[in-house]
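A.B. asks: Handing you this structure, nothing more for now.
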Amino acid sequence: MNAPSITTTAPTDAVTRKFDLGAALKDAVKTALITLGLSIPILAYKTDQSGADLYLTPRWGLVAIVCAIVFGLRLVLHAFTASRAYTKATPSAHQATEPVHATPSAFQHVSRFAIPFFLGAALLFPALVYLVQGGLTESRYWVDLGILILTYVMLGWGLNIVVGLAGLLDLGYVAFYAVGAYSYALLSTTFGLSFWICLPLAGILAAFWGMILGFPVLRLRGDYLAIVTLAFGEIIRLVLINWVDLTNGGAGISSIPRATFFGIPFTAGEGGFAATFGLEFNGMHRIIFLYYLILMLALLTNFVTMRLRKLPVGRAWEALREDEIACRSLGINTTNTKLTAFAIGAMFGGFAGSFFAVRQGFVSPESFNFLESAIILAIVVLGGMGSQIGVAIAAIVLVGGPEILRNLTFLQAVFGSGFDPNEYRLLLFGAGMVAMMVWRPRGLISEREPSVILKERKAISGSLVKEGHG
Amino acid sequence: MEIFVQQLINGLTLGSIYGLIAIGYTMVFGIIGMVNFAHGDVFMLSAFISLIFFLILTAWLGISSVALALLIVLVIAMALTSLWGWAIERIAYRPLRGSFRLAPLISAIGVSIFLSNFVQVAQGARNKPTPPMVRDVIVLFQGESGYNVALSYKQIIIMVTTAVLLTIFWYLVQKTSLGRAQRACEQDRKMAALLGINVDRTISLTFVIGASLASVAGTMYLLYYGVVSFSDGFVPGVKAFTAAVLGGIGSLPGAVLGGLIIGLIETFWSAYFSIEYKDVAAFSILAIVLIFMPSGILGRPEVEKV
């Protein structure tokens with residue numbers, strides 16, 4: 001299946017010449033011409049509608065800018081790779097033995113301080129925002145953004161169990177998110193159950209669905225498994241749309257009961273949260289409570305994952321990710337191992353979904369489309385599959401980044417007033433996923449540490465060949 | 001009876017489009033063993049390319065003959081979409097040969113997200129309708145209840161174009177040296193390289209052929225439905241992949257057969273059961289086929305080598 005790569009470029013070529021400007025220019029021109037070819041109809045003409053007819057608006061200026069950018073980037077890339085090839089060509093004395101002594105990298109030193117830092121920042125975030133914005137009501141936007149980011153952190157960590165630890169590509173993760181959300185929405189609106197009863201139920205139901213869906217598909221090979229999970233995700237969404245009697249179809253379920261502070265509602269009147277604790281009523285109390293709720297749920301996900309990694313089942317997941325055939329020959333029941341990963345990942349998806357429903361007060365099938373799965377997957381992939389802190393950072397950058405960019409007014413001055421970075425968000429996600437696979441297939445922060453070490457730290461196959469053999 | 005014949009015609013038309021897309025999946029899978037997830041979006045992109053060139057030809061250059069315009073559009077769309085196919089392979093897939101197994105699929109998902117959003121940003125999120133290009137129909141026979149069984153000209157165009165292109169393509173793969181190189185790479189890439197076949201170029205050409213057939217499907221899709229939007233790549237892409245798997249992934253006649261079967265199932269399901277659940281049916285078939293008969297109808301069972 002996985003034949004070794006056959007490359008035709010000779011590496012010695014780049015070493016002998018330091019930087020050949022002529023060749024680089026020629027190549028950059030070639031690349032720019034290809035870009036021109038690629039952008040001819042799609043970028044050069046925009047179709048607009050007037051009445052029933054379409055008409056075309058030429059945009060050759062844009063094409064010229066794009067081609068110029070590509071030309072420049074290609075040139076820079078050539079200069080960069082040439083100089084790097086030159087430095088690589090002069091071997092260091094330790095080169096032969098370097099990879100074998102896998103000393104902790106610079107990042108691993110930093111990460112020791114990074115975890116308490118991120119934890120502290122997350123815990124103090126509402127207070128910090130309160131101080132900076134100077135009031136509870138003013139800080140609403142930022143706390144909402146924090147909740148959004150943490151939801152994705154949690155989803156990323158949940159999916160990380162399946163993709164990062166067990167090495168199963170799940171393209172339908174959003175289905176379990178949907179199961180969790182609809183479980184809470186239906187249980188609370190139909191039976192009047194409270195959030196605190198529904199939360200575990202939603203998790204259990206999602207895990208149950210994970211097992212039902214997982215059982216038949218888990219003996220498939222990796223990419224088939226991915227496609228089948230994608231199909232299941234879409235089937236669940238389509239059923240949610242079309243089963244109008246149960247789910248109210250595309251209109252969704254609204255007026256879902258709000259979360260309570262362990263039974264005390266966040267209302268203005270007597271017996272509400274503010275009155276009980278002698279505070280002045282403010283709608284932000286609920287938002288801040290939701291923030292800490294999702295923070296706790298996310299930390300729970302992380303805690304469980306970290307503990308599971310040290311249990312036999314977690315070790316079996318990682319072994320499975322590295323080499324399934326070896327696992328089978330060592331007597332690991334691969335189906336059960338995969339099933340536990342699938343079910344536990346689904347359970348956390350269900351928790352997150354239930355939180356989503358209680359936060360929004362409204363669920364509809366459109367919140368659970370394939371794009372959502374793709375975003376969560378992008379977070380896991382860009383975070384470096386398997387790394388917890390990497391996933392958190394990726395979620396902050398990918399979800400929070402566009403929001404922060406939108407607030408930078410100077411960008412609007414550069415790109416025009418209608419500039420909305422959110423439009424380009426998915427474009428960059430897609431390009432980022434490709435770039436990640438090409439340059440750092442194990443993620444920005446590759447964590448391929450074995451969780452048990454016998455006497456001394458040795459390099460594992462993953463760090464030797466940089467990209468393992470999945 | 002009349003409805004049955006009518007649905008049969010509609011199903012075969014739809015099936016030809018799926019079959020054309022499915023060939024792209026099956027060839028790429030055959031030669032490098034990856035699911036080219038972005039293929040559906042290449043198809044969508046080609047529909048946009050055809051749309052824009054159709055507008056240029058009819059509105060700006062004033063070509064009134066639909067047949068001529070369609071032919072020119074087809075040629076241009078094939079050329080430009082091939083360039084896209086080539087570029088995607090070069091940028092997103094070639095550097096990943098020999099990487100871990102899921103890397104190409106993740107990269108392909110990235111390309112897919114990129115392409116659909118690129119078209120959305122460049123062309124806007126709305127549906128793009130075209131004026132109907134070919135309207136005429138041939139009434140084959142009239143039922144007792146007054147239900148006309150009609151074969152429209154565009155259905156004829158779609159089926160004939162598909163048949164002609166498949167014949168050319170079949171000749172290409174079976175009789176030319178390119179086809180031989182391709183089949184050799186499919187069997188053993190290392191050995192093919194040792195025997196002097198330029199493997200990289202052959203793989204590139206596979207992507208080019210796949211993309212150009214997808215562009216024919218894109219043009220035909222535009223002709224058939226008269227509307228296209230940036231999100232139109234996903235569902236037809238998945239259905240065509242289903243077709244490829246159903247026919248036996250890696251098998252070229254299987255892809256066409258699978259496409260026709262999926263097209264027929266979809267139209268009959270919509271006509272006799274429920275139109276809301278037609279995509280559920282397609283996705284369910286995909287899951288069922290992958291779980292119970294992953295080697296498809298005409299495929300060879302896969303042997304896992306250690």
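In the structure tokens, the first chain shown is A, the next is B, and so on; residue numbers restart at 1 for each chain, and ligands run from 1 in the order shown.
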DSSP on the backbone: what in stretch 4-237 of chain B comes out alpha helix (DSSP H), as a PyMOL selection string?
C.D. replies: chain B and resi 4-32+39-55+66-88+103-123+153-175+177-187+189-194+199-225+234-237
A.B. asks: So that I can see what lies close to A:Thr276, please list as a PyMOL selection string the residues with an atom at most 12 Å from it, counting only C-alpha atoms and leaving out residues fewer than 5 positions away in the same chain.
C.D. replies: chain A and resi 261+263-271+281
A.B. asks: Go ahead and save the picked residues with C-alpha atoms, as a PDB file, in the first residue's frame.
C.D. replies:
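For reference, selection.pdb as written:
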ATOM      1  CA  PHE A 261     -26.921  27.291  39.290  1.00  0.00           C
ATOM      2  CA  GLY A 263     -31.108  24.357  40.913  1.00  0.00           C
ATOM      3  CA  ILE A 264     -31.146  28.107  41.465  1.00  0.00           C
ATOM      4  CA  PRO A 265     -32.335  29.834  38.273  1.00  0.00           C
ATOM      5  CA  PHE A 266     -30.620  32.940  36.924  1.00  0.00           C
ATOM      6  CA  THR A 267     -33.717  35.116  37.172  1.00  0.00           C
ATOM      7  CA  ALA A 268     -34.249  38.618  38.451  1.00  0.00           C
ATOM      8  CA  GLY A 269     -37.014  37.822  40.916  1.00  0.00           C
ATOM      9  CA  GLU A 270     -37.206  36.209  44.329  1.00  0.00           C
ATOM     10  CA  GLY A 271     -35.326  32.904  44.617  1.00  0.00           C
ATOM     11  CA  PHE A 281     -29.223  41.186  39.150  1.00  0.00           C
TER      12      PHE A 281
END
A.B. asks: Near chain A, which residues of chain B fall within 8 Å when you count only C-alpha atoms, and what do they look like as a PyMOL selection string?
C.D. replies: chain B and resi 33-35+48-49+52-53+55-56+80+83-84+92+95-115+117-119+121-123+128-131+189-190+199-200+276-277+279-280+283-284+286-287+290-291+305-306
A.B. asks: Show which residues sit within 9 Å of stretch 162-176 of chain B, as number ranges by chain. Count only C-alpha atoms, and ignore same-chain residues fewer than 4 positions away.
C.D. replies: B: 16-17, 19-20, 157-158, 180-183, 209, 213, 216-217, 252, 256
A.B. asks: Taking 3 positions as the minimum chain separation for residues in the same chain, which residues sit within 8 Å of A:Arg140 when counting only C-alpha atoms? Answer as a compact mmCIF listing (two decimals) with N, CA and C atoms, in the first residue's frame.
C.D. replies:
# COMPACT_ATOMS: atom_id res chain seq x y z
N LEU A 136 -19.54 44.48 33.95
CA LEU A 136 -19.99 43.15 33.57
C LEU A 136 -20.63 43.15 32.19
N THR A 137 -21.54 44.09 31.95
CA THR A 137 -22.28 44.11 30.71
C THR A 137 -21.36 44.34 29.52
N VAL A 143 -16.53 37.39 26.96
CA VAL A 143 -16.83 36.15 27.66
C VAL A 143 -17.54 35.17 26.72
N ASP A 144 -18.41 35.71 25.86
CA ASP A 144 -19.05 34.86 24.86
C ASP A 144 -18.02 34.22 23.94
N MET A 284 -25.30 38.86 33.03
CA MET A 284 -23.96 38.31 32.84
C MET A 284 -23.64 37.18 33.81
N ILE A 287 -23.95 34.08 32.00
CA ILE A 287 -22.90 33.90 30.98
C ILE A 287 -21.61 33.45 31.64
A.B. asks: Taking 6 positions as the minimum chain separation for residues in the same chain, which residues sit within 9 Å of B:Ser46 when counting only C-alpha atoms? Answer as an MDAnalysis selection string.
C.D. replies: chainID B and resid 77:78 80:81 211:212 214:219
A.B. asks: Between A:Asn302, A:Ser329, A:Thr335, A:Ser364, which one has atoms that come closest to A:Ile115, using only C-alpha atoms?
C.D. replies: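 Between A:Asn302, A:Ser329, A:Thr335, A:Ser364, the residue approaching A:Ile115 most closely is A:Asn302.
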